[in-house]
Amino acid sequence: MKILVLGAGLVGGPMAMDLARDGEFEVTSADISAEALLKLRGFPGIQTIKADLGDLPELVALANGFDLVVSAVPGHMGYRTLETLIECRKNVVDIAFFPEDMFGLDEKARAMGVTVICDMGVAPGMSNVLLGYGASMLDHLEKGIIYVGGLPVVRTWPYEYKAVFSPIDVIEEYTRPARYIDGGRLVVREALSDPELIDFPGIGTLEAFNSDGLRTLATTLKGDYMIEKTLRYKGHIEKMAVLRDTGFFSKEPLNINGTLISPLEFTSRLLFPKWKLEPGEEDLTVMQVITEGIKDGVRQRYTWNLYDRYDSASGIHSMARTTGYAATMAARLIAGGLYQEKGVSAPEFLGRNPVFVNYLLEGLRRRGVVYRENREMMG
């Protein structure tokens, strides 16, 4: 089977390497950056192609020679890229995390007879899978809570934050209104709102804030209370709120001495060098997924904890591993014929079937990404 990976950055590169590692697939990595592709050229089993993935005719010509596509393009390109791939009749695993409704492409994907899994990273992604799995084991879901964050091990002033993703995509967490479910109804709150301080063993105290990470879970699952909160080191919320409320994250161009400048693009140019994880710079990923509810009249709680760190042996960052390997395991589900549902699937759809959940968890465990499960009877 021939697999095309769109994007060769800090996440796309490790995905291509993982898919090529066992020799089970013919893997090609495509990116507009020659520098990003150069890092993959010495890796066995990976072909590289320099391509402008934003050029849709070029994307069509590129995709036609492949059986399955894994998309790791920036979020602002994600929806139209996915739509184009569906029109090319390609099965797709997507981690672009675009803001548009993925189910807007469901009818087209069904008509084309293709299987698409969107949002298949760590969060959204495995967070959805596990919340969906926990809900499937309950008669009634009372609480579904996700806490998640990717952080540098060494805290560097002023932001104490680093990212493997495009800074514009990260900024979405600070600007897009946060949706959650309370009392079974949809609630919309400002991003960065409702801060909590939570202690995590081995890390210390982190602050959690509302973000729009619930995504499809807000409509695909029924529960009394469901929410996702992003984790950062203490003090990060205030810094981001100052930048946001001053207008640094605005997309509306400003006229400065006759030149139109987007504050968001300008801010991203400034933040990216400070937020970029450098080779060898250690990071960590922490996530807790909690489902609580009633089964056969008894209240039960299922909790999954992830604490993952930079892998010094491979030199691959934790956020790249936890995000990318979830996607490559989902790609293997499709490639192996295990998951054949036509149309667009959210990750929680996989969580309905324990076979798929165990397949993902075991594959991740073999790659050093371990989710620890705890089940409690609460009386």
# chains A, B, ... in the order shown; residues from 1 in each chain; ligands from 1
call {"tool": "residues_around", "arguments": {"residues": "Asp101 in chain A", "least_positions_apart": "4", "cutoff": "12 Å", "atoms": "only C-alpha atoms", "output": "PyMOL selection string"}}
result
chain A and resi 78-80+82-83+97+105-106+118-119+215-216+219+344-346
call {"tool": "write_last_selection", "arguments": {"atoms": "N, CA, C and O atoms", "output": "PDB file, in the first residue's frame"}}
result
ATOM      1  N   GLY A  78      -6.805  22.969   6.065  1.00  0.00           N
ATOM      2  CA  GLY A  78      -7.264  21.609   6.294  1.00  0.00           C
ATOM      3  C   GLY A  78      -8.532  21.212   5.569  1.00  0.00           C
ATOM      4  O   GLY A  78      -8.589  20.153   4.938  1.00  0.00           O
ATOM      5  N   TYR A  79      -9.572  22.046   5.640  1.00  0.00           N
ATOM      6  CA  TYR A  79     -10.874  21.656   5.097  1.00  0.00           C
ATOM      7  C   TYR A  79     -10.825  21.502   3.583  1.00  0.00           C
ATOM      8  O   TYR A  79     -11.280  20.496   3.032  1.00  0.00           O
ATOM      9  N   ARG A  80     -10.269  22.486   2.901  1.00  0.00           N
ATOM     10  CA  ARG A  80     -10.243  22.405   1.436  1.00  0.00           C
ATOM     11  C   ARG A  80      -9.299  21.295   0.966  1.00  0.00           C
ATOM     12  O   ARG A  80      -9.537  20.667  -0.070  1.00  0.00           O
ATOM     13  N   LEU A  82      -8.824  18.430   2.616  1.00  0.00           N
ATOM     14  CA  LEU A  82      -9.577  17.202   2.816  1.00  0.00           C
ATOM     15  C   LEU A  82     -10.652  17.031   1.741  1.00  0.00           C
ATOM     16  O   LEU A  82     -10.843  15.938   1.197  1.00  0.00           O
ATOM     17  N   GLU A  83     -11.352  18.104   1.427  1.00  0.00           N
ATOM     18  CA  GLU A  83     -12.382  18.028   0.396  1.00  0.00           C
ATOM     19  C   GLU A  83     -11.793  17.589  -0.941  1.00  0.00           C
ATOM     20  O   GLU A  83     -12.371  16.749  -1.651  1.00  0.00           O
ATOM     21  N   PHE A  97      -6.975  19.675  12.150  1.00  0.00           N
ATOM     22  CA  PHE A  97      -7.713  20.410  13.189  1.00  0.00           C
ATOM     23  C   PHE A  97      -8.292  21.717  12.660  1.00  0.00           C
ATOM     24  O   PHE A  97      -8.176  22.768  13.283  1.00  0.00           O
ATOM     25  N   LEU A 105     -18.465  17.348   5.085  1.00  0.00           N
ATOM     26  CA  LEU A 105     -17.911  16.546   3.988  1.00  0.00           C
ATOM     27  C   LEU A 105     -18.349  15.083   4.057  1.00  0.00           C
ATOM     28  O   LEU A 105     -17.915  14.271   3.241  1.00  0.00           O
ATOM     29  N   ASP A 106     -19.201  14.754   5.023  1.00  0.00           N
ATOM     30  CA  ASP A 106     -19.596  13.356   5.209  1.00  0.00           C
ATOM     31  C   ASP A 106     -20.352  12.807   4.007  1.00  0.00           C
ATOM     32  O   ASP A 106     -20.056  11.708   3.517  1.00  0.00           O
ATOM     33  N   CYS A 118     -11.111  12.101  11.004  1.00  0.00           N
ATOM     34  CA  CYS A 118     -10.613  13.455  11.259  1.00  0.00           C
ATOM     35  C   CYS A 118     -10.225  13.641  12.722  1.00  0.00           C
ATOM     36  O   CYS A 118     -10.620  12.844  13.581  1.00  0.00           O
ATOM     37  N   ASP A 119      -9.464  14.692  12.966  1.00  0.00           N
ATOM     38  CA  ASP A 119      -9.079  15.076  14.340  1.00  0.00           C
ATOM     39  C   ASP A 119      -8.345  13.959  15.072  1.00  0.00           C
ATOM     40  O   ASP A 119      -8.451  13.834  16.299  1.00  0.00           O
ATOM     41  N   ARG A 215     -14.955  20.005  20.521  1.00  0.00           N
ATOM     42  CA  ARG A 215     -15.217  19.838  19.100  1.00  0.00           C
ATOM     43  C   ARG A 215     -16.429  18.919  18.864  1.00  0.00           C
ATOM     44  O   ARG A 215     -17.507  19.171  19.377  1.00  0.00           O
ATOM     45  N   THR A 216     -16.258  17.821  18.129  1.00  0.00           N
ATOM     46  CA  THR A 216     -17.396  16.981  17.739  1.00  0.00           C
ATOM     47  C   THR A 216     -18.084  16.320  18.921  1.00  0.00           C
ATOM     48  O   THR A 216     -19.268  15.966  18.833  1.00  0.00           O
ATOM     49  N   THR A 219     -21.641  17.216  20.058  1.00  0.00           N
ATOM     50  CA  THR A 219     -22.852  16.793  19.351  1.00  0.00           C
ATOM     51  C   THR A 219     -22.961  15.280  19.176  1.00  0.00           C
ATOM     52  O   THR A 219     -24.054  14.759  18.985  1.00  0.00           O
ATOM     53  N   VAL A 344     -17.231  10.437   6.852  1.00  0.00           N
ATOM     54  CA  VAL A 344     -16.321  11.112   7.773  1.00  0.00           C
ATOM     55  C   VAL A 344     -16.601  10.651   9.200  1.00  0.00           C
ATOM     56  O   VAL A 344     -17.725  10.780   9.694  1.00  0.00           O
ATOM     57  N   SER A 345     -15.577  10.138   9.857  1.00  0.00           N
ATOM     58  CA  SER A 345     -15.694   9.666  11.238  1.00  0.00           C
ATOM     59  C   SER A 345     -14.925  10.577  12.176  1.00  0.00           C
ATOM     60  O   SER A 345     -13.795  10.981  11.884  1.00  0.00           O
ATOM     61  N   ALA A 346     -15.538  10.893  13.306  1.00  0.00           N
ATOM     62  CA  ALA A 346     -14.827  11.539  14.402  1.00  0.00           C
ATOM     63  C   ALA A 346     -14.145  10.443  15.228  1.00  0.00           C
ATOM     64  O   ALA A 346     -14.577   9.282  15.220  1.00  0.00           O
TER      65      ALA A 346
END
call {"tool": "select_by_dssp", "arguments": {"residues": "range 84-241 of chain A", "states": "strand (DSSP E)", "output": "number ranges by chain"}}
result
A: 91-94, 115-117, 140-152, 178-182, 185-189, 196-200, 204-210, 225-233
call {"tool": "residues_around", "arguments": {"residues": "range 352-357 of chain A", "least_positions_apart": "6", "cutoff": "10 Å", "atoms": "only C-alpha atoms", "output": "VMD selection string"}}
result
chain A and resid 126 129 to 137 329 to 330 333 338 to 339 363
call {"tool": "closest_residue", "arguments": {"among": "A:Leu151, A:Ala163, A:Leu260, A:Val188", "to": "Asp283 in chain A", "atoms": "only C-alpha atoms"}}
result
A:Leu151
call {"tool": "residues_around", "arguments": {"residues": "Leu306 in chain A", "least_positions_apart": "2", "cutoff": "12 Å", "atoms": "only C-alpha atoms", "output": "ChimeraX atom specification"}}
result
/A:122-123,126-127,130,146-150,200-201,284-290,303-304,308-309,318-319,322,361,364-365,368-374
call {"tool": "residues_around", "arguments": {"residues": "range 203-208 of chain A", "least_positions_apart": "5", "cutoff": "6 Å", "atoms": "only C-alpha atoms", "output": "list of chain:residue names"}}
result
A:Pro195, A:Glu196, A:Leu197, A:Ile198, A:Lys229, A:Thr230, A:Leu231, A:Arg232, A:Tyr233, A:Lys234
call {"tool": "select_by_dssp", "arguments": {"residues": "range 115-336 of chain A", "states": "alpha helix (DSSP H)", "output": "PDB file with C-alpha atoms, in the first residue's frame"}}
result
ATOM      1  CA  MET A 126      -7.231   9.939  21.634  1.00  0.00           C
ATOM      2  CA  SER A 127      -9.098  12.165  24.086  1.00  0.00           C
ATOM      3  CA  ASN A 128     -12.234  11.629  21.979  1.00  0.00           C
ATOM      4  CA  VAL A 129     -11.574   7.914  21.576  1.00  0.00           C
ATOM      5  CA  LEU A 130     -11.274   7.387  25.333  1.00  0.00           C
ATOM      6  CA  LEU A 131     -14.193   9.618  26.257  1.00  0.00           C
ATOM      7  CA  GLY A 132     -16.321   7.793  23.693  1.00  0.00           C
ATOM      8  CA  TYR A 133     -15.116   4.452  25.031  1.00  0.00           C
ATOM      9  CA  GLY A 134     -15.886   5.403  28.621  1.00  0.00           C
ATOM     10  CA  ALA A 135     -19.346   6.625  27.645  1.00  0.00           C
ATOM     11  CA  SER A 136     -20.043   3.363  25.793  1.00  0.00           C
ATOM     12  CA  PRO A 167       1.600  29.217  16.046  1.00  0.00           C
ATOM     13  CA  ILE A 168      -1.559  30.443  14.294  1.00  0.00           C
ATOM     14  CA  ASP A 169      -3.241  27.116  15.097  1.00  0.00           C
ATOM     15  CA  VAL A 170      -2.128  27.385  18.743  1.00  0.00           C
ATOM     16  CA  ILE A 171      -3.490  30.930  18.980  1.00  0.00           C
ATOM     17  CA  GLU A 172      -6.910  29.533  18.019  1.00  0.00           C
ATOM     18  CA  GLU A 173      -7.014  28.019  21.520  1.00  0.00           C
ATOM     19  CA  TYR A 174      -6.884  31.533  22.962  1.00  0.00           C
ATOM     20  CA  THR A 175      -9.394  33.187  20.630  1.00  0.00           C
ATOM     21  CA  LEU A 217     -17.979  15.492  21.195  1.00  0.00           C
ATOM     22  CA  ALA A 218     -20.422  18.324  21.856  1.00  0.00           C
ATOM     23  CA  THR A 219     -22.852  16.793  19.351  1.00  0.00           C
ATOM     24  CA  THR A 220     -21.894  13.120  18.974  1.00  0.00           C
ATOM     25  CA  HIS A 236       0.246  31.758  30.890  1.00  0.00           C
ATOM     26  CA  ILE A 237      -3.466  32.600  30.866  1.00  0.00           C
ATOM     27  CA  GLU A 238      -2.905  36.211  31.868  1.00  0.00           C
ATOM     28  CA  LYS A 239      -0.183  36.748  29.271  1.00  0.00           C
ATOM     29  CA  MET A 240      -2.324  35.374  26.446  1.00  0.00           C
ATOM     30  CA  ALA A 241      -5.384  37.344  27.596  1.00  0.00           C
ATOM     31  CA  VAL A 242      -3.358  40.572  27.522  1.00  0.00           C
ATOM     32  CA  LEU A 243      -2.199  39.901  23.948  1.00  0.00           C
ATOM     33  CA  ARG A 244      -5.670  38.841  22.808  1.00  0.00           C
ATOM     34  CA  ASP A 245      -7.563  41.717  24.388  1.00  0.00           C
ATOM     35  CA  THR A 246      -5.050  44.254  23.095  1.00  0.00           C
ATOM     36  CA  PRO A 263      -1.946  41.707  13.686  1.00  0.00           C
ATOM     37  CA  LEU A 264      -2.286  37.905  13.844  1.00  0.00           C
ATOM     38  CA  GLU A 265       0.331  37.305  11.143  1.00  0.00           C
ATOM     39  CA  PHE A 266       2.638  39.871  12.727  1.00  0.00           C
ATOM     40  CA  THR A 267       2.229  38.332  16.185  1.00  0.00           C
ATOM     41  CA  SER A 268       2.805  34.839  14.807  1.00  0.00           C
ATOM     42  CA  ARG A 269       6.081  35.942  13.242  1.00  0.00           C
ATOM     43  CA  LEU A 270       7.215  37.227  16.622  1.00  0.00           C
ATOM     44  CA  LEU A 271       5.980  34.269  18.665  1.00  0.00           C
ATOM     45  CA  PHE A 272       7.120  31.441  16.397  1.00  0.00           C
ATOM     46  CA  PRO A 273      10.856  31.758  17.158  1.00  0.00           C
ATOM     47  CA  LYS A 274      10.090  31.856  20.889  1.00  0.00           C
ATOM     48  CA  TRP A 275       7.599  28.972  20.730  1.00  0.00           C
ATOM     49  CA  SER A 318       6.544  14.156  22.944  1.00  0.00           C
ATOM     50  CA  MET A 319       3.759  16.193  21.306  1.00  0.00           C
ATOM     51  CA  ALA A 320       4.864  14.877  17.907  1.00  0.00           C
ATOM     52  CA  ARG A 321       4.830  11.284  19.157  1.00  0.00           C
ATOM     53  CA  THR A 322       1.546  11.424  21.058  1.00  0.00           C
ATOM     54  CA  THR A 323      -0.178  13.241  18.182  1.00  0.00           C
ATOM     55  CA  GLY A 324       1.474  11.580  15.206  1.00  0.00           C
ATOM     56  CA  TYR A 325       1.415   7.973  16.395  1.00  0.00           C
ATOM     57  CA  ALA A 326      -2.308   8.163  17.142  1.00  0.00           C
ATOM     58  CA  ALA A 327      -2.765   9.113  13.488  1.00  0.00           C
ATOM     59  CA  THR A 328      -0.440   6.412  12.148  1.00  0.00           C
ATOM     60  CA  MET A 329      -2.205   3.730  14.202  1.00  0.00           C
ATOM     61  CA  ALA A 330      -5.543   4.939  12.802  1.00  0.00           C
ATOM     62  CA  ALA A 331      -4.014   4.737   9.323  1.00  0.00           C
ATOM     63  CA  ARG A 332      -3.104   1.125  10.041  1.00  0.00           C
ATOM     64  CA  LEU A 333      -6.694   0.443  11.099  1.00  0.00           C
ATOM     65  CA  ILE A 334      -7.840   1.566   7.648  1.00  0.00           C
ATOM     66  CA  ALA A 335      -4.959  -0.007   5.737  1.00  0.00           C
TER      67      ALA A 335
END
call {"tool": "atom_distance", "arguments": {"atom1": "CA of Ile316 in chain A", "atom2": "CA of Lys50 in chain A"}}
result
22.4 Å
call {"tool": "closest_residue", "arguments": {"among": "A:Val11, A:Ile294, A:Met377, A:Ile145", "to": "Tyr180 in chain A", "atoms": "only C-alpha atoms"}}
result
A:Ile145
call {"tool": "residues_around", "arguments": {"residues": "Asp52 in chain A", "least_positions_apart": "2", "cutoff": "7 Å", "atoms": "only C-alpha atoms", "output": "list in words"}}
result
Asp31, Ile32, Gly54 and Asp55 of chain A
call {"tool": "closest_residue", "arguments": {"among": "A:Ala36, A:Leu221, A:Leu85, A:Val27", "to": "Leu138 in chain A", "atoms": "only C-alpha atoms"}}
result
A:Leu221
call {"tool": "closest_residue", "arguments": {"among": "A:Tyr159, A:Ala111, A:Phe25, A:Ile227", "to": "Arg189 in chain A", "atoms": "only C-alpha atoms"}}
result
A:Ile227
call {"tool": "residues_around", "arguments": {"residues": "Ser33 in chain A", "least_positions_apart": "2", "cutoff": "12 Å", "atoms": "only C-alpha atoms", "output": "PDB file with N, CA, C and O atoms, in the first residue's frame"}}
result
ATOM      1  N   LEU A   6       1.068  14.362   4.037  1.00  0.00           N
ATOM      2  CA  LEU A   6       1.110  15.774   3.661  1.00  0.00           C
ATOM      3  C   LEU A   6       1.632  16.587   4.837  1.00  0.00           C
ATOM      4  O   LEU A   6       0.977  16.690   5.869  1.00  0.00           O
ATOM      5  N   GLY A   7       2.802  17.156   4.683  1.00  0.00           N
ATOM      6  CA  GLY A   7       3.435  17.904   5.757  1.00  0.00           C
ATOM      7  C   GLY A   7       4.600  17.122   6.329  1.00  0.00           C
ATOM      8  O   GLY A   7       4.443  15.956   6.709  1.00  0.00           O
ATOM      9  N   ALA A   8       5.777  17.764   6.375  1.00  0.00           N
ATOM     10  CA  ALA A   8       6.982  17.086   6.868  1.00  0.00           C
ATOM     11  C   ALA A   8       7.575  17.818   8.062  1.00  0.00           C
ATOM     12  O   ALA A   8       8.776  17.737   8.310  1.00  0.00           O
ATOM     13  N   GLY A   9       6.732  18.508   8.807  1.00  0.00           N
ATOM     14  CA  GLY A   9       7.193  19.284   9.954  1.00  0.00           C
ATOM     15  C   GLY A   9       7.438  18.428  11.181  1.00  0.00           C
ATOM     16  O   GLY A   9       7.679  17.219  11.089  1.00  0.00           O
ATOM     17  N   GLY A  13       6.805  14.735   9.921  1.00  0.00           N
ATOM     18  CA  GLY A  13       8.028  13.958   9.737  1.00  0.00           C
ATOM     19  C   GLY A  13       8.033  12.665  10.540  1.00  0.00           C
ATOM     20  O   GLY A  13       8.245  11.570   9.978  1.00  0.00           O
ATOM     21  N   SER A  29       6.602  11.539   1.625  1.00  0.00           N
ATOM     22  CA  SER A  29       6.344  12.754   2.392  1.00  0.00           C
ATOM     23  C   SER A  29       6.396  13.943   1.449  1.00  0.00           C
ATOM     24  O   SER A  29       7.340  14.092   0.672  1.00  0.00           O
ATOM     25  N   ALA A  30       5.383  14.813   1.512  1.00  0.00           N
ATOM     26  CA  ALA A  30       5.302  15.991   0.644  1.00  0.00           C
ATOM     27  C   ALA A  30       5.213  17.256   1.476  1.00  0.00           C
ATOM     28  O   ALA A  30       4.459  17.317   2.451  1.00  0.00           O
ATOM     29  N   ASP A  31       5.967  18.261   1.081  1.00  0.00           N
ATOM     30  CA  ASP A  31       5.969  19.538   1.791  1.00  0.00           C
ATOM     31  C   ASP A  31       6.555  20.596   0.863  1.00  0.00           C
ATOM     32  O   ASP A  31       7.318  20.263  -0.050  1.00  0.00           O
ATOM     33  N   GLU A  35      13.840  22.248   3.397  1.00  0.00           N
ATOM     34  CA  GLU A  35      14.566  22.005   4.637  1.00  0.00           C
ATOM     35  C   GLU A  35      13.917  20.896   5.450  1.00  0.00           C
ATOM     36  O   GLU A  35      14.600  20.017   5.990  1.00  0.00           O
ATOM     37  N   ALA A  36      12.568  20.919   5.543  1.00  0.00           N
ATOM     38  CA  ALA A  36      11.861  19.872   6.285  1.00  0.00           C
ATOM     39  C   ALA A  36      12.042  18.511   5.615  1.00  0.00           C
ATOM     40  O   ALA A  36      12.248  17.496   6.281  1.00  0.00           O
ATOM     41  N   LEU A  37      11.966  18.482   4.293  1.00  0.00           N
ATOM     42  CA  LEU A  37      12.107  17.220   3.560  1.00  0.00           C
ATOM     43  C   LEU A  37      13.511  16.652   3.668  1.00  0.00           C
ATOM     44  O   LEU A  37      13.707  15.432   3.687  1.00  0.00           O
ATOM     45  N   LEU A  38      14.504  17.540   3.736  1.00  0.00           N
ATOM     46  CA  LEU A  38      15.892  17.089   3.800  1.00  0.00           C
ATOM     47  C   LEU A  38      16.138  16.205   5.018  1.00  0.00           C
ATOM     48  O   LEU A  38      16.936  15.267   4.965  1.00  0.00           O
ATOM     49  N   LYS A  39      15.418  16.472   6.117  1.00  0.00           N
ATOM     50  CA  LYS A  39      15.593  15.686   7.333  1.00  0.00           C
ATOM     51  C   LYS A  39      15.110  14.250   7.179  1.00  0.00           C
ATOM     52  O   LYS A  39      15.457  13.384   7.980  1.00  0.00           O
ATOM     53  N   LEU A  40      14.279  13.998   6.158  1.00  0.00           N
ATOM     54  CA  LEU A  40      13.717  12.661   5.960  1.00  0.00           C
ATOM     55  C   LEU A  40      14.448  11.861   4.889  1.00  0.00           C
ATOM     56  O   LEU A  40      14.223  10.661   4.741  1.00  0.00           O
ATOM     57  N   THR A  48      10.576  11.588  -0.876  1.00  0.00           N
ATOM     58  CA  THR A  48      10.165  12.961  -0.590  1.00  0.00           C
ATOM     59  C   THR A  48       9.828  13.699  -1.881  1.00  0.00           C
ATOM     60  O   THR A  48      10.464  13.475  -2.910  1.00  0.00           O
ATOM     61  N   ILE A  49       8.822  14.551  -1.791  1.00  0.00           N
ATOM     62  CA  ILE A  49       8.406  15.370  -2.930  1.00  0.00           C
ATOM     63  C   ILE A  49       8.189  16.797  -2.451  1.00  0.00           C
ATOM     64  O   ILE A  49       7.428  17.027  -1.495  1.00  0.00           O
ATOM     65  N   LYS A  50       8.825  17.740  -3.095  1.00  0.00           N
ATOM     66  CA  LYS A  50       8.597  19.146  -2.792  1.00  0.00           C
ATOM     67  C   LYS A  50       7.356  19.597  -3.549  1.00  0.00           C
ATOM     68  O   LYS A  50       7.296  19.490  -4.783  1.00  0.00           O
ATOM     69  N   ALA A  51       6.359  20.047  -2.824  1.00  0.00           N
ATOM     70  CA  ALA A  51       5.081  20.398  -3.457  1.00  0.00           C
ATOM     71  C   ALA A  51       4.398  21.496  -2.673  1.00  0.00           C
ATOM     72  O   ALA A  51       4.506  21.568  -1.441  1.00  0.00           O
ATOM     73  N   ASP A  52       3.687  22.345  -3.393  1.00  0.00           N
ATOM     74  CA  ASP A  52       2.855  23.379  -2.771  1.00  0.00           C
ATOM     75  C   ASP A  52       1.495  22.759  -2.487  1.00  0.00           C
ATOM     76  O   ASP A  52       0.652  22.645  -3.375  1.00  0.00           O
ATOM     77  N   LEU A  53       1.271  22.351  -1.258  1.00  0.00           N
ATOM     78  CA  LEU A  53       0.041  21.642  -0.901  1.00  0.00           C
ATOM     79  C   LEU A  53      -1.173  22.566  -0.899  1.00  0.00           C
ATOM     80  O   LEU A  53      -2.309  22.094  -0.865  1.00  0.00           O
TER      81      LEU A  53
END
call {"tool": "atom_distance", "arguments": {"atom1": "CA of Phe209 in chain A", "atom2": "CA of Pro177 in chain A"}}
result
11.8 Å
call {"tool": "atom_distance", "arguments": {"atom1": "CA of Glu142 in chain A", "atom2": "CA of Asp296 in chain A"}}
result
13.9 Å
call {"tool": "closest_residue", "arguments": {"among": "A:Glu26, A:Gly235, A:Glu292, A:Gly258", "to": "Trp157 in chain A", "atoms": "only C-alpha atoms"}}
result
A:Gly235
